[in-house]
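Trainee: Below is a structure I'd like to ask you about.
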Amino acid sequence: MTDTMTQEAPETDQTEAPEEWSHNALLPEQVRRPSGYVINSTGVYGEKQVKDTVIRVRVAWAPLVVRSIYVDPAGDQAVELAWLDRGRLVTRIVPRSVARRGRILVATLGDAGLPVIEADAKLAERYLAAFESINQKEIPRVHLARQLGWQEDGTFVLAQDTPHRVEVKYDEQKPALAAHGSTGTLDGWQAAIKRMAEYPAAQMALYASLAAPLLQLVGVNSFTVDISGRSTRGKTTAAMAGMSVWADPSEKADGMYSWRTTMLAAEKRLNLVNGLPVVFDETKLVRDPEMVHALLYSIPKNHGQARGGGWPSGLPWRTVMISTGEQSVLTFTTDQGAGARVLTVKEAPFGTDGADSSAAAIEVRDGCSDNYGTAGARYIEKLTDYLAQGGKQRLSSRHKELTEAHRYDSDMSARRAPMVACLVLAAELAHHWGIVPFPPPQMAVWERLFAVSDQTDNRGEMALDVVREYVAGHGSELWSPHTDEKAPFSGWVGRDLQIDGAPTVALLPQRLREILQRANYDLDAVLPSWLEADVLVKNTKTRPAHLVPKKLDGRLARMLVFTPGQIISTETDPDDGE
């Protein structure tokens, strides 16, 4: 047969029968060239009959073919194009909408070396359509993943081409996608995390990461694990250990995400995964508390906000979000319902043992930076084998048992029990399968970490306690109309006053904001619950009603006036002898 890749093709194409092509790396086997075209080592040509002469018109300046068709779960298609660039194989995947529009195709792949110029764009567009049409049975159709994690065919995508090709919808997702992969060894990873055996609080990030693939299997919605507390206690290191199960957690990669983000950007990051964790690091970088509040409520819905006007809408995900920072994510919202969606770990992840804690954290951090992704691959291998043997029902049954065991003795703990059960189940599986080199914590440890009273989730009341303590210890910073004392160096924080004969205080908004921030509370976040509970005096003549004009050292200032009994108790303490 004629080798049209290495020899000049005849003036006319006499047959459309399969031909033997010399560049098998470029072309699928048994492909046919479309009638009216010649493909050889110098490029692609169209043939035109002008009277008695066959004229060749150049379509591409190098061999160019359709190599594969990718179909995503929604049925949308992408086309893999292949060409030779000085003997080197080049492939690129583009949406079908791009492949069908020549000029856009040239603009999209021009920098990649597509051997088509804009003047020939229309010819290339027609040629590619003809090539694909005549080779529909020969060109392979391949599953295209849009997310990492579980796919509709039951496979689990760990990273690019593992096992499916991943084409993300948004460019912002590409750095995080690139971070997912593996390096080092499972033995190296196990040696690194072995130091976590003595630190159950740090282990929670590890188990949260391993729990993410189980959510879909046991019917639990996405949720958040919040690791918060004082700095230099290993919060970020614990999160790195959890992320190292699946991806590169080091600073040089983008496996870890930052809280310095917007709602839409956060949704796009979450949308990358369907059964993998996402780490949001350092709550001190939050710029909009309302965004955190909205995100905490969106995460369990497994999809983002609905938007119009062409904006990304309802982006799907399934994940365990791991948040770290000195400030708990729950301090950005006062809604008690948010507490039911978040598991908070307040203990120092690596303890408070000074040099020993520091050494353990450093060893874990360095070891996980050098060995990552291997544990996740083994975990999914074991999990898929288990499911193939009918294990889904057993997983569900065990999860129900663990849920009942971890309800503890409060309504809030009972609502969180299914999430705690996911972590416990992941811990059991990972140890049983020989992936995590230490056993799960005892029942008493889980209860210590996650059993909470309903009162501890009332952040509005907790913030009010901060104000009470401050006023009790800083009375000299409150101006009184009955004193001639000069203002303190830092200025007045507010004033005392009486309402209907009962003592109370009025505080300047900015000073109150600073007081709360030092205790990791946000004034804008607690204000709604204060107003709902009538903690503040409202003046219908002012806007907003909770900022009431009051005199302060001879001047009128808009202040937050607390109702009597909220800050200064109107009851008598019998221990005072009064």
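Ordered as shown in the structure tokens, chains take letters A, B, and onward, while each chain numbers its residues from 1 and ligands are numbered from 1 in the order shown.
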Name the residues of segment 292-513 of chain A that fall into alpha helix (DSSP H) according to DSSP on the backbone, using the chain letters and numbers of this document, as a VMD selection string.

Mentor: chain A and resid 292 to 298 336 to 339 355 to 370 374 to 388 391 to 405 411 to 432 443 to 450 459 to 473 509 to 513

Trainee: Which neighbours of Ser68 of chain A fall inside 8 Å, counting only C-alpha atoms, when residues of the same chain fewer than 2 positions from it are skipped, and could you give them as a list in words?

Mentor: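 Contacts, with the query itself left out: Val66, Tyr70, Val79, Glu80, Leu81, Ile139, Pro140, Arg141 and Val142 of chain A.
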
Trainee: Give me, as a ChimeraX atom specification, all polymer residues having an atom no more than 12 Å from Gln173 of chain A, counting only C-alpha atoms and skipping those fewer than 5 positions away in the same chain.

Mentor: /A:146-148,166-168,178-180,254-255,257,265-273

Trainee: Store the residues picked out above, limited to N, CA and C atoms, as a PDB file, in the first residue's frame.

Mentor:
```pdb
ATOM      1  N   ARG A 146     -14.193  15.734  34.489  1.00  0.00           N
ATOM      2  CA  ARG A 146     -14.201  17.170  34.778  1.00  0.00           C
ATOM      3  C   ARG A 146     -13.800  17.447  36.219  1.00  0.00           C
ATOM      4  N   GLN A 147     -13.830  16.403  37.044  1.00  0.00           N
ATOM      5  CA  GLN A 147     -13.465  16.522  38.452  1.00  0.00           C
ATOM      6  C   GLN A 147     -12.552  15.374  38.836  1.00  0.00           C
ATOM      7  N   LEU A 148     -11.769  15.600  39.862  1.00  0.00           N
ATOM      8  CA  LEU A 148     -11.039  14.514  40.494  1.00  0.00           C
ATOM      9  C   LEU A 148     -12.000  13.753  41.407  1.00  0.00           C
ATOM     10  N   VAL A 166      -8.299  14.461  32.602  1.00  0.00           N
ATOM     11  CA  VAL A 166      -9.091  15.477  33.302  1.00  0.00           C
ATOM     12  C   VAL A 166      -8.942  16.802  32.571  1.00  0.00           C
ATOM     13  N   GLU A 167     -10.046  17.347  32.138  1.00  0.00           N
ATOM     14  CA  GLU A 167     -10.071  18.687  31.554  1.00  0.00           C
ATOM     15  C   GLU A 167     -10.986  19.544  32.422  1.00  0.00           C
ATOM     16  N   VAL A 168     -10.394  20.403  33.234  1.00  0.00           N
ATOM     17  CA  VAL A 168     -11.189  21.227  34.147  1.00  0.00           C
ATOM     18  C   VAL A 168     -11.898  22.323  33.374  1.00  0.00           C
ATOM     19  N   ALA A 178      -2.728  20.117  39.069  1.00  0.00           N
ATOM     20  CA  ALA A 178      -1.331  19.713  38.879  1.00  0.00           C
ATOM     21  C   ALA A 178      -0.693  19.233  40.172  1.00  0.00           C
ATOM     22  N   ALA A 179      -1.187  19.720  41.320  1.00  0.00           N
ATOM     23  CA  ALA A 179      -0.606  19.316  42.606  1.00  0.00           C
ATOM     24  C   ALA A 179      -0.980  17.893  42.983  1.00  0.00           C
ATOM     25  N   HIS A 180      -2.065  17.392  42.403  1.00  0.00           N
ATOM     26  CA  HIS A 180      -2.497  16.026  42.716  1.00  0.00           C
ATOM     27  C   HIS A 180      -1.664  15.041  41.912  1.00  0.00           C
ATOM     28  N   ASP A 254       0.252  23.885  44.719  1.00  0.00           N
ATOM     29  CA  ASP A 254      -1.015  24.534  45.035  1.00  0.00           C
ATOM     30  C   ASP A 254      -2.027  23.537  45.568  1.00  0.00           C
ATOM     31  N   GLY A 255      -1.525  22.519  46.273  1.00  0.00           N
ATOM     32  CA  GLY A 255      -2.440  21.558  46.869  1.00  0.00           C
ATOM     33  C   GLY A 255      -3.248  22.158  48.006  1.00  0.00           C
ATOM     34  N   TYR A 257      -5.089  25.438  49.734  1.00  0.00           N
ATOM     35  CA  TYR A 257      -5.748  26.656  49.287  1.00  0.00           C
ATOM     36  C   TYR A 257      -5.733  27.686  50.408  1.00  0.00           C
ATOM     37  N   ALA A 265     -14.400  32.083  43.710  1.00  0.00           N
ATOM     38  CA  ALA A 265     -13.126  31.380  43.596  1.00  0.00           C
ATOM     39  C   ALA A 265     -13.097  30.150  44.505  1.00  0.00           C
ATOM     40  N   ALA A 266     -13.667  30.273  45.702  1.00  0.00           N
ATOM     41  CA  ALA A 266     -13.726  29.132  46.621  1.00  0.00           C
ATOM     42  C   ALA A 266     -14.589  28.019  46.038  1.00  0.00           C
ATOM     43  N   GLU A 267     -15.709  28.385  45.421  1.00  0.00           N
ATOM     44  CA  GLU A 267     -16.576  27.378  44.809  1.00  0.00           C
ATOM     45  C   GLU A 267     -15.857  26.656  43.676  1.00  0.00           C
ATOM     46  N   LYS A 268     -15.098  27.373  42.891  1.00  0.00           N
ATOM     47  CA  LYS A 268     -14.359  26.737  41.797  1.00  0.00           C
ATOM     48  C   LYS A 268     -13.331  25.749  42.340  1.00  0.00           C
ATOM     49  N   ARG A 269     -12.688  26.112  43.452  1.00  0.00           N
ATOM     50  CA  ARG A 269     -11.711  25.179  44.040  1.00  0.00           C
ATOM     51  C   ARG A 269     -12.414  23.926  44.555  1.00  0.00           C
ATOM     52  N   LEU A 270     -13.551  24.098  45.212  1.00  0.00           N
ATOM     53  CA  LEU A 270     -14.304  22.953  45.701  1.00  0.00           C
ATOM     54  C   LEU A 270     -14.808  22.095  44.542  1.00  0.00           C
ATOM     55  N   ASN A 271     -15.176  22.736  43.442  1.00  0.00           N
ATOM     56  CA  ASN A 271     -15.729  22.044  42.285  1.00  0.00           C
ATOM     57  C   ASN A 271     -14.726  21.086  41.630  1.00  0.00           C
ATOM     58  N   LEU A 272     -13.446  21.232  41.940  1.00  0.00           N
ATOM     59  CA  LEU A 272     -12.441  20.343  41.351  1.00  0.00           C
ATOM     60  C   LEU A 272     -12.592  18.913  41.848  1.00  0.00           C
ATOM     61  N   VAL A 273     -13.234  18.710  42.996  1.00  0.00           N
ATOM     62  CA  VAL A 273     -13.203  17.384  43.621  1.00  0.00           C
ATOM     63  C   VAL A 273     -14.598  16.808  43.828  1.00  0.00           C
TER      64      VAL A 273
END
```

Trainee: Considering only C-alpha atoms, can you say which of A:Thr331, A:Ser228, A:Asn40, A:Gln49 comes closest to Ala525 of chain A?

Mentor: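 Using only C-alpha atoms, Ala525 of chain A sits closest to A:Thr331.
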
Trainee: Write out as number ranges by chain all residues of segment 150-212 of chain A that DSSP puts in strand (DSSP E or B) for this structure's backbone.

Mentor: A: 150, 156-157, 159, 162, 165-166, 180, 183

Trainee: Pick from A:Pro481, A:Pro200, A:Gly188, A:Pro349: nearest to Ile227 of chain A, with only C-alpha atoms counted?

Mentor: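 Closest to Ile227 of chain A of all the choices is A:Pro349.
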
Trainee: Taking only C-alpha atoms into account, name the residue in A:Leu128, A:Ile380, A:Leu343, A:Leu285 that is nearest to Ala60 of chain A.

Mentor: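 Among the listed residues, the smallest separation from Ala60 of chain A belongs to A:Leu128.
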
Trainee: Which residue out of A:Asp500, A:Asp111, A:Asp465, A:Asp226 has the minimum interatomic distance to Ala239 of chain A when only C-alpha atoms are used?

Mentor: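 Selected residue with least distance to Ala239 of chain A: A:Asp226.
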
Trainee: Using only C-alpha atoms for the distances, tell me which of A:His431, A:Lys392, A:Lys252, A:Arg513 is nearest to Val466 of chain A.

Mentor: A:Arg513

Trainee: Residues near Leu315 of chain A, anyone? I mean within 7 Å using only C-alpha atoms, not counting same-chain ones fewer than 2 positions away, as a list in words.

Mentor: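 Within the cut-off, the hits are Glu267, Asn271, His303, Gly304, Pro312, Ser313 and Trp317 of chain A.
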
Trainee: For the selection you just gave me, I'd like the residues written to a file as a short mmCIF file (atom, residue, chain, number, x, y, z; two decimals), in the first residue's frame, keeping N, CA and C atoms.

Mentor:
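Dumped everything to selection-v8.cif:
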```cif
data_model
loop_
_atom_site.label_atom_id
_atom_site.label_comp_id
_atom_site.auth_asym_id
_atom_site.auth_seq_id
_atom_site.Cartn_x
_atom_site.Cartn_y
_atom_site.Cartn_z
N GLU A 267 -15.71 28.38 45.42
CA GLU A 267 -16.58 27.38 44.81
C GLU A 267 -15.86 26.66 43.68
N ASN A 271 -15.18 22.74 43.44
CA ASN A 271 -15.73 22.04 42.28
C ASN A 271 -14.73 21.09 41.63
N HIS A 303 -23.12 21.83 46.46
CA HIS A 303 -23.07 22.64 45.24
C HIS A 303 -23.01 24.11 45.62
N GLY A 304 -22.58 24.92 44.68
CA GLY A 304 -22.44 26.35 44.92
C GLY A 304 -23.73 27.11 44.71
N PRO A 312 -20.76 31.26 36.63
CA PRO A 312 -20.83 29.85 37.05
C PRO A 312 -21.91 29.66 38.11
N SER A 313 -22.76 28.69 37.91
CA SER A 313 -23.93 28.52 38.78
C SER A 313 -24.05 27.08 39.23
N TRP A 317 -19.83 19.57 44.05
CA TRP A 317 -18.65 19.02 44.70
C TRP A 317 -19.08 17.98 45.72
#
```

Trainee: Need the shell around Asp248 of chain A: protein/DNA/RNA residues with any atom at most 12 Å away, counting only C-alpha atoms. Skip same-chain ones fewer than 5 positions apart. Format as a PDB file with N, CA and C atoms, in the first residue's frame?

Mentor:
```pdb
ATOM      1  N   ALA A 159      -5.473  11.713  39.836  1.00  0.00           N
ATOM      2  CA  ALA A 159      -4.676  12.786  39.264  1.00  0.00           C
ATOM      3  C   ALA A 159      -4.862  12.756  37.753  1.00  0.00           C
ATOM      4  N   PRO A 175      -3.801  24.786  38.607  1.00  0.00           N
ATOM      5  CA  PRO A 175      -2.697  24.591  39.566  1.00  0.00           C
ATOM      6  C   PRO A 175      -2.999  23.531  40.613  1.00  0.00           C
ATOM      7  N   ALA A 176      -4.226  23.508  41.136  1.00  0.00           N
ATOM      8  CA  ALA A 176      -4.585  22.498  42.133  1.00  0.00           C
ATOM      9  C   ALA A 176      -4.613  21.112  41.511  1.00  0.00           C
ATOM     10  N   LEU A 177      -5.079  21.022  40.272  1.00  0.00           N
ATOM     11  CA  LEU A 177      -5.072  19.733  39.570  1.00  0.00           C
ATOM     12  C   LEU A 177      -3.647  19.221  39.425  1.00  0.00           C
ATOM     13  N   ALA A 178      -2.728  20.117  39.069  1.00  0.00           N
ATOM     14  CA  ALA A 178      -1.331  19.713  38.879  1.00  0.00           C
ATOM     15  C   ALA A 178      -0.693  19.233  40.172  1.00  0.00           C
ATOM     16  N   ALA A 179      -1.187  19.720  41.320  1.00  0.00           N
ATOM     17  CA  ALA A 179      -0.606  19.316  42.606  1.00  0.00           C
ATOM     18  C   ALA A 179      -0.980  17.893  42.983  1.00  0.00           C
ATOM     19  N   HIS A 180      -2.065  17.392  42.403  1.00  0.00           N
ATOM     20  CA  HIS A 180      -2.497  16.026  42.716  1.00  0.00           C
ATOM     21  C   HIS A 180      -1.664  15.041  41.912  1.00  0.00           C
ATOM     22  N   GLY A 181      -1.003  14.182  42.611  1.00  0.00           N
ATOM     23  CA  GLY A 181      -0.110  13.202  42.004  1.00  0.00           C
ATOM     24  C   GLY A 181       0.621  12.490  43.120  1.00  0.00           C
ATOM     25  N   SER A 182       1.684  11.800  42.800  1.00  0.00           N
ATOM     26  CA  SER A 182       2.423  11.063  43.827  1.00  0.00           C
ATOM     27  C   SER A 182       3.913  11.155  43.602  1.00  0.00           C
ATOM     28  N   THR A 183       4.633  11.073  44.693  1.00  0.00           N
ATOM     29  CA  THR A 183       6.089  10.990  44.651  1.00  0.00           C
ATOM     30  C   THR A 183       6.546  10.313  45.936  1.00  0.00           C
ATOM     31  N   GLY A 184       7.765   9.812  45.934  1.00  0.00           N
ATOM     32  CA  GLY A 184       8.269   9.108  47.105  1.00  0.00           C
ATOM     33  C   GLY A 184       7.645   7.727  47.211  1.00  0.00           C
ATOM     34  N   TRP A 189       6.134   7.756  53.511  1.00  0.00           N
ATOM     35  CA  TRP A 189       5.007   8.519  54.068  1.00  0.00           C
ATOM     36  C   TRP A 189       4.614   7.980  55.435  1.00  0.00           C
ATOM     37  N   ALA A 239      -2.716  19.811  58.666  1.00  0.00           N
ATOM     38  CA  ALA A 239      -3.447  19.863  57.402  1.00  0.00           C
ATOM     39  C   ALA A 239      -2.588  19.364  56.241  1.00  0.00           C
ATOM     40  N   MET A 240      -1.292  19.675  56.289  1.00  0.00           N
ATOM     41  CA  MET A 240      -0.379  19.184  55.250  1.00  0.00           C
ATOM     42  C   MET A 240      -0.318  17.657  55.261  1.00  0.00           C
ATOM     43  N   ALA A 241      -0.299  17.072  56.446  1.00  0.00           N
ATOM     44  CA  ALA A 241      -0.280  15.613  56.542  1.00  0.00           C
ATOM     45  C   ALA A 241      -1.532  15.022  55.918  1.00  0.00           C
ATOM     46  N   GLY A 242      -2.680  15.652  56.183  1.00  0.00           N
ATOM     47  CA  GLY A 242      -3.913  15.173  55.583  1.00  0.00           C
ATOM     48  C   GLY A 242      -3.901  15.308  54.072  1.00  0.00           C
ATOM     49  N   MET A 243      -3.432  16.435  53.574  1.00  0.00           N
ATOM     50  CA  MET A 243      -3.414  16.653  52.126  1.00  0.00           C
ATOM     51  C   MET A 243      -2.406  15.759  51.432  1.00  0.00           C
ATOM     52  N   ALA A 253       3.761  23.931  45.716  1.00  0.00           N
ATOM     53  CA  ALA A 253       2.613  23.459  44.936  1.00  0.00           C
ATOM     54  C   ALA A 253       1.359  24.214  45.359  1.00  0.00           C
ATOM     55  N   ASP A 254       0.252  23.885  44.719  1.00  0.00           N
ATOM     56  CA  ASP A 254      -1.015  24.534  45.035  1.00  0.00           C
ATOM     57  C   ASP A 254      -2.027  23.537  45.568  1.00  0.00           C
ATOM     58  N   GLY A 255      -1.525  22.519  46.273  1.00  0.00           N
ATOM     59  CA  GLY A 255      -2.440  21.558  46.869  1.00  0.00           C
ATOM     60  C   GLY A 255      -3.248  22.158  48.006  1.00  0.00           C
ATOM     61  N   MET A 256      -2.641  23.089  48.747  1.00  0.00           N
ATOM     62  CA  MET A 256      -3.320  23.776  49.854  1.00  0.00           C
ATOM     63  C   MET A 256      -3.878  25.105  49.335  1.00  0.00           C
ATOM     64  N   TYR A 257      -5.089  25.438  49.734  1.00  0.00           N
ATOM     65  CA  TYR A 257      -5.748  26.656  49.287  1.00  0.00           C
ATOM     66  C   TYR A 257      -5.733  27.686  50.408  1.00  0.00           C
ATOM     67  N   VAL A 279      -8.154  21.816  51.479  1.00  0.00           N
ATOM     68  CA  VAL A 279      -7.625  22.527  52.648  1.00  0.00           C
ATOM     69  C   VAL A 279      -7.707  24.031  52.407  1.00  0.00           C
ATOM     70  N   ARG A 365       6.071  17.299  58.714  1.00  0.00           N
ATOM     71  CA  ARG A 365       6.015  18.241  57.588  1.00  0.00           C
ATOM     72  C   ARG A 365       7.010  17.877  56.492  1.00  0.00           C
ATOM     73  N   ASP A 366       8.267  17.635  56.869  1.00  0.00           N
ATOM     74  CA  ASP A 366       9.299  17.342  55.873  1.00  0.00           C
ATOM     75  C   ASP A 366       9.048  16.001  55.199  1.00  0.00           C
ATOM     76  N   GLY A 367       8.647  15.005  55.977  1.00  0.00           N
ATOM     77  CA  GLY A 367       8.410  13.687  55.404  1.00  0.00           C
ATOM     78  C   GLY A 367       7.243  13.675  54.434  1.00  0.00           C
ATOM     79  N   CYS A 368       6.180  14.426  54.758  1.00  0.00           N
ATOM     80  CA  CYS A 368       5.014  14.463  53.881  1.00  0.00           C
ATOM     81  C   CYS A 368       5.269  15.303  52.628  1.00  0.00           C
ATOM     82  N   SER A 369       6.194  16.228  52.708  1.00  0.00           N
ATOM     83  CA  SER A 369       6.553  17.006  51.518  1.00  0.00           C
ATOM     84  C   SER A 369       7.346  16.167  50.532  1.00  0.00           C
ATOM     85  N   ASP A 370       8.058  15.159  51.041  1.00  0.00           N
ATOM     86  CA  ASP A 370       8.867  14.294  50.175  1.00  0.00           C
ATOM     87  C   ASP A 370       8.128  13.035  49.737  1.00  0.00           C
ATOM     88  N   ASN A 371       7.057  12.694  50.430  1.00  0.00           N
ATOM     89  CA  ASN A 371       6.300  11.480  50.125  1.00  0.00           C
ATOM     90  C   ASN A 371       4.811  11.806  50.174  1.00  0.00           C
ATOM     91  N   TYR A 372       4.182  11.872  49.036  1.00  0.00           N
ATOM     92  CA  TYR A 372       2.760  12.203  49.012  1.00  0.00           C
ATOM     93  C   TYR A 372       2.064  11.465  47.862  1.00  0.00           C
ATOM     94  N   GLY A 373       0.774  11.321  47.986  1.00  0.00           N
ATOM     95  CA  GLY A 373      -0.038  10.702  46.936  1.00  0.00           C
ATOM     96  C   GLY A 373      -0.054   9.182  46.955  1.00  0.00           C
ATOM     97  N   THR A 374       0.950   8.571  47.567  1.00  0.00           N
ATOM     98  CA  THR A 374       1.035   7.108  47.560  1.00  0.00           C
ATOM     99  C   THR A 374      -0.014   6.480  48.474  1.00  0.00           C
ATOM    100  N   GLY A 376      -2.994   7.696  49.237  1.00  0.00           N
ATOM    101  CA  GLY A 376      -4.299   7.804  48.602  1.00  0.00           C
ATOM    102  C   GLY A 376      -4.503   6.746  47.536  1.00  0.00           C
TER     103      GLY A 376
END
```

Trainee: Considering only C-alpha atoms, state which residue in the set A:Gly460, A:Ile567, A:Gly354, A:Asp524 is at the smallest distance from Leu497 of chain A.

Mentor: A:Ile567

Trainee: Extract, using only C-alpha atoms, all DNA, RNA and protein residues at most 9 Å from Thr262 of chain A, discarding same-chain residues fewer than 6 positions from it, and format them as a PyMOL selection string.

Mentor: chain A and resi 287-288+291

Trainee: Would you mind listing what lies within 12 Å of Ala124 of chain A as a ChimeraX atom specification, with only C-alpha atoms counted and same-chain residues fewer than 4 positions away left out?

Mentor: /A:37,43-46,57-66,81,99-106,114-120,128-131

Trainee: If you measure from atom CA of Thr42 of chain A to atom CA of Arg56 of chain A, what distance in Å do you get, rounded to one decimal?

Mentor: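 Going from atom CA of Thr42 of chain A over to atom CA of Arg56 of chain A, I get 12.6 Å.
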